[in-house]
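Below is input22.csv, which holds CSV, C-alpha atoms.
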```csv
chain,number,residue,atom,x,y,z
A,1,MET,CA,-86.7,-167.5,-31.7
A,2,GLU,CA,-83.7,-168.2,-29.6
A,3,ILE,CA,-82.6,-165.8,-26.9
A,4,GLY,CA,-78.8,-165.7,-26.5
A,5,THR,CA,-77.5,-166.1,-23.0
A,6,ARG,CA,-74.0,-165.3,-21.5
A,7,THR,CA,-72.3,-167.3,-18.9
A,8,PRO,CA,-70.9,-165.5,-15.8
A,9,GLY,CA,-67.3,-166.3,-16.9
A,10,SER,CA,-67.6,-164.7,-20.3
A,11,PHE,CA,-69.1,-161.5,-18.7
A,12,SER,CA,-66.2,-161.1,-16.3
A,13,LYS,CA,-63.6,-161.6,-19.0
A,14,GLY,CA,-65.3,-159.0,-21.2
A,15,PHE,CA,-65.4,-156.5,-18.3
A,16,LEU,CA,-61.7,-156.9,-17.6
A,17,PHE,CA,-60.8,-156.6,-21.3
A,18,SER,CA,-62.8,-153.3,-21.5
A,19,ALA,CA,-61.2,-151.9,-18.4
A,20,LEU,CA,-57.7,-152.7,-19.8
A,21,ILE,CA,-58.5,-151.0,-23.1
A,22,LEU,CA,-59.9,-147.9,-21.2
A,23,ALA,CA,-56.7,-147.7,-19.1
A,24,LEU,CA,-54.5,-147.8,-22.1
A,25,TRP,CA,-56.7,-145.3,-23.9
A,26,LEU,CA,-56.4,-142.6,-21.2
A,27,PRO,CA,-54.0,-139.8,-22.0
A,28,HIS,CA,-50.5,-140.1,-20.6
A,29,GLY,CA,-50.6,-136.5,-19.2
A,30,SER,CA,-53.5,-137.3,-16.8
A,31,GLN,CA,-53.1,-136.3,-13.2
A,32,ALA,CA,-55.7,-138.8,-11.9
A,33,ALA,CA,-53.1,-141.5,-11.0
A,34,LEU,CA,-50.6,-139.1,-9.3
A,35,HIS,CA,-51.1,-137.2,-6.1
A,36,ILE,CA,-49.0,-135.5,-3.4
A,37,LEU,CA,-49.2,-136.3,0.3
A,38,LYS,CA,-48.0,-133.7,2.8
A,39,THR,CA,-46.4,-134.7,6.1
A,40,PRO,CA,-47.3,-132.9,8.3
A,41,GLU,CA,-50.6,-131.7,6.8
A,42,LYS,CA,-50.2,-128.2,8.5
A,43,PRO,CA,-46.5,-127.5,8.8
A,44,GLN,CA,-45.2,-125.0,11.4
A,45,LYS,CA,-42.3,-122.7,11.2
A,46,ASN,CA,-38.9,-124.4,11.4
A,47,GLN,CA,-40.5,-127.8,10.8
A,48,ASP,CA,-39.5,-130.3,8.2
A,49,LEU,CA,-42.0,-130.9,5.4
A,50,LEU,CA,-42.1,-134.0,3.3
A,51,LEU,CA,-44.0,-134.0,-0.1
A,52,SER,CA,-44.2,-137.6,-1.1
A,53,LEU,CA,-45.6,-138.8,-4.5
A,54,HIS,CA,-48.1,-141.7,-4.7
A,55,GLY,CA,-49.0,-143.4,-8.0
A,56,VAL,CA,-45.6,-143.1,-9.6
A,57,PRO,CA,-44.7,-146.0,-12.0
A,58,GLY,CA,-41.7,-148.2,-11.3
A,59,THR,CA,-39.2,-146.5,-13.5
A,60,ILE,CA,-39.0,-142.8,-14.3
A,61,GLN,CA,-36.6,-140.8,-16.4
A,62,ASP,CA,-36.7,-137.5,-14.3
A,63,PHE,CA,-39.0,-135.3,-12.3
A,64,ILE,CA,-39.0,-131.5,-11.8
A,65,TRP,CA,-40.5,-129.6,-8.8
A,66,TYR,CA,-41.9,-126.0,-9.1
A,67,LEU,CA,-43.0,-123.4,-6.6
A,68,GLY,CA,-45.7,-121.2,-8.1
A,69,LYS,CA,-48.8,-121.2,-10.3
A,70,GLU,CA,-46.7,-121.5,-13.5
A,71,THR,CA,-44.2,-124.2,-14.5
A,72,ASN,CA,-41.2,-122.5,-16.0
A,73,GLY,CA,-37.6,-121.7,-15.4
A,74,GLY,CA,-38.3,-118.9,-13.0
A,75,THR,CA,-40.4,-121.2,-10.7
A,76,ARG,CA,-38.3,-124.3,-10.9
A,77,LEU,CA,-37.0,-125.5,-7.6
A,78,PHE,CA,-34.9,-128.5,-8.8
A,79,SER,CA,-34.8,-131.3,-11.2
A,80,TYR,CA,-33.8,-134.9,-10.4
A,81,ILE,CA,-32.5,-137.4,-12.9
A,82,PRO,CA,-32.0,-140.8,-11.2
A,83,GLY,CA,-29.4,-142.1,-13.8
A,84,LEU,CA,-26.8,-139.4,-13.0
A,85,GLN,CA,-24.1,-139.5,-10.4
A,86,ARG,CA,-25.3,-136.2,-9.1
A,87,PRO,CA,-29.0,-136.5,-9.9
A,88,GLN,CA,-30.2,-133.2,-8.3
A,89,ARG,CA,-29.9,-129.9,-10.1
A,90,ASP,CA,-31.1,-126.8,-8.2
A,91,GLY,CA,-33.2,-124.2,-10.1
A,92,TYR,CA,-33.7,-120.5,-9.9
A,93,ALA,CA,-36.5,-120.7,-7.3
A,94,MET,CA,-34.4,-122.8,-4.9
A,95,GLY,CA,-32.6,-119.7,-3.3
A,96,GLN,CA,-31.5,-120.4,0.2
A,97,ARG,CA,-33.9,-123.3,0.7
A,98,ASP,CA,-32.7,-126.7,1.9
A,99,ILE,CA,-34.5,-129.2,-0.3
A,100,VAL,CA,-33.5,-132.9,-0.8
A,101,GLY,CA,-35.0,-134.9,-3.7
A,102,PHE,CA,-35.5,-138.7,-3.7
A,103,PRO,CA,-35.5,-141.3,-6.6
A,104,ASN,CA,-39.2,-142.0,-6.2
A,105,GLY,CA,-40.1,-138.3,-7.0
A,106,SER,CA,-40.6,-137.1,-3.4
A,107,MET,CA,-38.9,-134.1,-1.8
A,108,LEU,CA,-38.0,-133.0,1.7
A,109,LEU,CA,-38.0,-129.3,2.7
A,110,ARG,CA,-36.0,-128.8,5.9
A,111,GLY,CA,-36.8,-126.0,8.3
A,112,ALA,CA,-39.9,-124.7,6.5
A,113,GLN,CA,-40.6,-120.9,6.8
A,114,PRO,CA,-43.7,-118.9,6.2
A,115,SER,CA,-42.1,-117.6,3.0
A,116,ASP,CA,-42.2,-121.2,1.7
A,117,SER,CA,-45.9,-121.2,1.5
A,118,GLY,CA,-47.5,-121.5,-2.0
A,119,ILE,CA,-48.4,-124.0,-4.7
A,120,TYR,CA,-46.0,-126.9,-5.3
A,121,GLN,CA,-46.1,-128.7,-8.6
A,122,VAL,CA,-44.3,-131.7,-9.9
A,123,ALA,CA,-43.8,-133.1,-13.4
A,124,VAL,CA,-42.7,-136.8,-13.6
A,125,THR,CA,-41.4,-138.0,-17.0
A,126,VAL,CA,-42.0,-141.7,-17.4
A,127,ASN,CA,-40.9,-141.7,-21.1
A,128,PRO,CA,-40.7,-139.1,-23.8
A,129,ALA,CA,-44.4,-139.5,-24.6
A,130,TRP,CA,-45.7,-139.9,-21.0
A,131,THR,CA,-45.6,-137.2,-18.3
A,132,LEU,CA,-47.5,-137.2,-15.0
A,133,LYS,CA,-48.3,-134.0,-13.2
A,134,ALA,CA,-49.6,-133.1,-9.7
A,135,LYS,CA,-49.8,-130.1,-7.5
A,136,THR,CA,-50.7,-129.2,-3.9
A,137,GLU,CA,-50.9,-126.0,-1.8
A,138,VAL,CA,-48.7,-125.6,1.3
A,139,GLN,CA,-49.3,-123.1,4.0
A,140,VAL,CA,-46.5,-122.8,6.6
A,141,ALA,CA,-47.9,-121.2,9.8
A,142,ASP,CA,-45.9,-119.0,12.1
A,143,THR,CA,-45.6,-120.6,15.6
A,144,ARG,CA,-46.7,-117.3,17.3
A,145,GLU,CA,-49.7,-116.8,15.0
A,146,TYR,CA,-50.7,-120.4,15.4
A,147,SER,CA,-50.5,-120.2,19.2
A,148,LEU,CA,-52.5,-117.0,19.2
A,149,THR,CA,-55.3,-118.2,16.9
A,150,SER,CA,-55.6,-121.6,18.5
A,151,HIS,CA,-55.9,-120.2,22.0
A,152,LEU,CA,-57.7,-117.0,21.2
A,153,PRO,CA,-61.0,-117.7,22.9
A,154,VAL,CA,-59.3,-118.9,26.1
A,155,ASN,CA,-56.8,-116.0,26.1
A,156,ALA,CA,-59.5,-113.5,25.4
A,157,GLY,CA,-61.6,-114.7,28.3
A,158,ILE,CA,-58.7,-114.8,30.7
A,159,MET,CA,-57.6,-111.3,29.6
A,160,ALA,CA,-61.0,-109.8,30.0
A,161,ALA,CA,-61.5,-111.4,33.4
A,162,THR,CA,-58.0,-110.1,34.5
A,163,ILE,CA,-58.7,-106.6,33.3
A,164,ILE,CA,-62.1,-106.4,34.9
A,165,GLY,CA,-60.8,-107.9,38.2
A,166,SER,CA,-57.9,-105.4,38.2
A,167,LEU,CA,-60.2,-102.5,37.7
A,168,ALA,CA,-62.5,-103.6,40.5
A,169,VAL,CA,-59.7,-104.2,42.9
A,170,GLY,CA,-58.1,-100.8,42.0
A,171,SER,CA,-61.5,-99.0,42.5
A,172,LEU,CA,-61.9,-100.6,45.9
A,173,LEU,CA,-58.4,-99.7,46.9
A,174,VAL,CA,-58.7,-96.1,45.9
A,175,SER,CA,-62.1,-95.8,47.6
A,176,GLY,CA,-60.6,-97.2,50.9
A,177,ILE,CA,-57.6,-94.9,50.8
A,178,ALA,CA,-59.8,-91.9,50.1
A,179,TYR,CA,-62.1,-92.8,53.0
A,180,LEU,CA,-59.2,-93.2,55.4
A,181,LEU,CA,-57.7,-89.9,54.4
A,182,VAL,CA,-61.0,-88.0,54.8
A,183,THR,CA,-61.7,-89.7,58.2
A,184,ARG,CA,-58.2,-88.9,59.5
A,185,ARG,CA,-58.4,-85.3,58.3
A,186,ARG,CA,-61.7,-84.8,60.1
A,187,LYS,CA,-60.4,-86.3,63.3
A,188,GLY,CA,-57.2,-84.1,63.2
A,189,ARG,CA,-59.1,-80.9,62.4
A,190,SER,CA,-61.9,-81.0,65.0
A,191,PRO,CA,-59.8,-80.3,68.2
A,192,ARG,CA,-57.8,-77.6,66.4
A,193,ILE,CA,-60.8,-75.5,65.5
A,194,ALA,CA,-61.6,-74.7,69.2
A,195,ALA,CA,-58.0,-73.8,70.0
A,196,THR,CA,-57.3,-71.7,67.0
A,197,GLU,CA,-60.5,-69.7,66.9
A,198,GLN,CA,-59.9,-66.1,66.1
A,199,PRO,CA,-61.0,-63.5,68.6
A,200,GLU,CA,-64.1,-61.6,67.8
A,201,LEU,CA,-63.6,-58.3,66.0
A,202,ASN,CA,-65.3,-55.3,67.5
A,203,THR,CA,-66.1,-52.5,65.2
A,204,ILE,CA,-67.9,-49.3,66.3
A,205,PRO,CA,-69.6,-47.9,63.3
A,206,GLU,CA,-70.9,-44.9,65.3
A,207,SER,CA,-67.4,-43.5,66.0
A,208,GLY,CA,-66.7,-43.0,62.3
A,209,ASP,CA,-63.4,-44.9,62.6
A,210,SER,CA,-62.7,-47.3,59.8
A,211,ASN,CA,-60.0,-49.2,61.7
A,212,ILE,CA,-60.7,-52.7,63.0
A,213,TYR,CA,-59.7,-53.4,66.6
A,214,GLU,CA,-59.2,-56.7,68.2
A,215,VAL,CA,-60.7,-57.2,71.6
A,216,MET,CA,-58.6,-59.7,73.6
A,217,PRO,CA,-59.0,-60.7,77.2
A,218,SER,CA,-56.5,-59.3,79.6
A,219,PRO,CA,-54.3,-61.8,81.4
A,220,VAL,CA,-54.2,-59.7,84.6
A,221,PHE,CA,-57.2,-58.4,86.5
A,222,LEU,CA,-56.9,-54.6,86.7
A,223,VAL,CA,-57.9,-52.9,89.9
A,224,SER,CA,-58.5,-49.2,89.9
A,225,PRO,CA,-57.1,-47.1,92.9
A,226,ILE,CA,-59.4,-46.0,95.6
A,227,ARG,CA,-58.9,-42.3,94.9
A,228,ASP,CA,-60.0,-42.7,91.3
A,229,THR,CA,-63.7,-42.6,91.9
A,230,GLY,CA,-64.6,-40.1,89.2
A,231,PRO,CA,-63.9,-39.3,85.7
A,232,VAL,CA,-60.4,-38.2,84.9
A,233,ASN,CA,-60.0,-34.7,83.5
A,234,PRO,CA,-56.9,-34.1,81.3
A,235,ALA,CA,-56.6,-30.6,82.5
A,236,MET,CA,-56.6,-31.6,86.2
A,237,SER,CA,-54.0,-34.3,85.7
A,238,ARG,CA,-51.2,-31.8,84.8
A,239,PRO,CA,-48.7,-30.9,87.6
A,240,PRO,CA,-49.0,-27.4,89.1
A,241,LEU,CA,-46.6,-24.6,88.1
A,242,PRO,CA,-43.7,-23.8,90.5
A,243,SER,CA,-45.2,-20.4,91.3
A,244,GLN,CA,-48.5,-22.1,92.3
A,245,GLN,CA,-46.9,-24.6,94.7
A,246,PRO,CA,-48.1,-24.1,98.3
A,247,GLN,CA,-45.7,-22.9,100.9
A,248,PRO,CA,-44.8,-25.3,103.6
A,249,GLU,CA,-45.9,-24.4,107.0
A,250,ASN,CA,-42.8,-25.8,108.8
A,251,GLN,CA,-39.9,-23.3,108.9
A,252,TYR,CA,-37.3,-26.1,109.2
A,253,TYR,CA,-38.5,-27.5,106.0
A,254,GLN,CA,-38.0,-24.1,104.3
A,255,ASP,CA,-34.4,-23.8,105.7
A,256,LEU,CA,-33.6,-27.2,104.3
A,257,LEU,CA,-34.9,-26.3,100.9
A,258,ASN,CA,-33.0,-22.9,100.8
A,259,PRO,CA,-29.9,-23.1,103.0
A,260,ASP,CA,-28.0,-19.9,103.9
A,261,PRO,CA,-24.5,-19.9,102.4
A,262,ALA,CA,-23.1,-17.3,104.8
A,263,PRO,CA,-22.0,-19.7,107.6
A,264,TYR,CA,-20.0,-21.7,105.0
A,265,CYS,CA,-18.2,-18.6,103.7
A,266,GLN,CA,-17.1,-17.5,107.2
A,267,LEU,CA,-14.9,-20.6,107.6
A,268,VAL,CA,-11.2,-19.7,107.4
A,269,PRO,CA,-8.5,-22.3,107.2
A,270,THR,CA,-6.1,-22.3,110.1
A,271,SER,CA,-2.3,-22.6,109.8
```
Could you quickly redo this structure as structure tokens?
Amino acid sequence: MEIGTRTPGSFSKGFLFSALILALWLPHGSQAALHILKTPEKPQKNQDLLLSLHGVPGTIQDFIWYLGKETNGGTRLFSYIPGLQRPQRDGYAMGQRDIVGFPNGSMLLRGAQPSDSGIYQVAVTVNPAWTLKAKTEVQVADTREYSLTSHLPVNAGIMAATIIGSLAVGSLLVSGIAYLLVTRRRKGRSPRIAATEQPELNTIPESGDSNIYEVMPSPVFLVSPIRDTGPVNPAMSRPPLPSQQPQPENQYYQDLLNPDPAPYCQLVPTS
């Protein structure tokens, strides 16, 4: 029994022939050979975005870009036909967007905005029986949101340290001011207490008088007269009546008090 053997050359030729048949057998609508490259990968607001196609055959009839999950007239951005003088035709979804198409199937979105985020799909027609499709998702980030999220841990730590430091400094400042105010108030109040002490109030409950009298020291030292050696009787302090006045012993003093008008009446004027 003979065992058939194959030479290395015949094996490689057979492998190449099988691969060629398999490539021709694949359906023309397959997306395996076509893919979209985003530049940049994570676009920012007001930044230009290039969606370039890779795997496109040498010649194409046209291509259409869509924005959305569906591929219909409502989601069509533009169509591009290389054989026309004005190859680009804008669609319903173009709106106010500034998009430029290229003959190789790529597109450029100028000044991307967060509202431009979504799923971008492209359909490339090589011939009436062969159409290639590909899609990608684009997320245009806002510059402020990107800055906040990318620096969130650092900003949070700095903010927390700033708040805690401010609170600590504020507490120390308030405590120092309160201490100074209390100390100054005590120093200013201590000498005034002795000078502004109110005089003692003397009340005599035995007298039955409900009035409160203030006892204040006299500025002048009072000296009682020598005669006043006993208690003063109100009845004795009254002046004597005229009838009870004692008669003076000197006659001249009596004449002075009661002069005789007769000598003055006897005076007669002379001519």
Choose the residue, out of A:Asn258, A:Gln96, A:Ser175, A:Thr162, that has the smallest atom-to-atom separation from A:Gly111; count only C-alpha atoms.
A:Gln96
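Distances here use all atoms listed in the file; by that measure, the residue among A:Val122, A:Val182, A:Ala112, A:Leu173 closest to A:Thr136 is A:Val122.
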Record the distance separating atom CA of A:Gln85 and atom CA of A:Asp116, expressed in Å with one decimal.
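Rounded to one decimal, the two atoms are 28.4 Å apart.
The smallest atom-to-atom distance between A:Asn46 and any of A:Asn104, A:Ser115, A:Gln254, A:Thr131, using only C-alpha atoms, is found for A:Ser115.
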Separating atom CA of A:Gln61 from atom CA of A:Thr75, to the nearest tenth of an Å, is a gap of 20.8 Å
To one decimal in Å, tell me the separation between atom CA of A:Gly58 and atom CA of A:Ala93.
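So the two atoms, atom CA of A:Gly58 and atom CA of A:Ala93, lie 28.3 Å apart.
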Check the smallest atom-to-atom distance from each of A:Ile158, A:Ala134, A:Val126, A:Ile164 to A:Pro82 using only C-alpha atoms, then report the winner.
A:Val126
Select, counting only C-alpha atoms, all protein, DNA and RNA residues no farther than 10 Å from (-42.3, -127.1, 12.3) in file coordinates, and express the selection as a PyMOL selection string.
chain A and resi 40+42-49+110-113+140-143
Which residue out of A:Tyr66, A:Glu137, A:Ser171, A:Arg97 has the minimum interatomic distance to A:Ala123 when only C-alpha atoms are used?
A:Tyr66
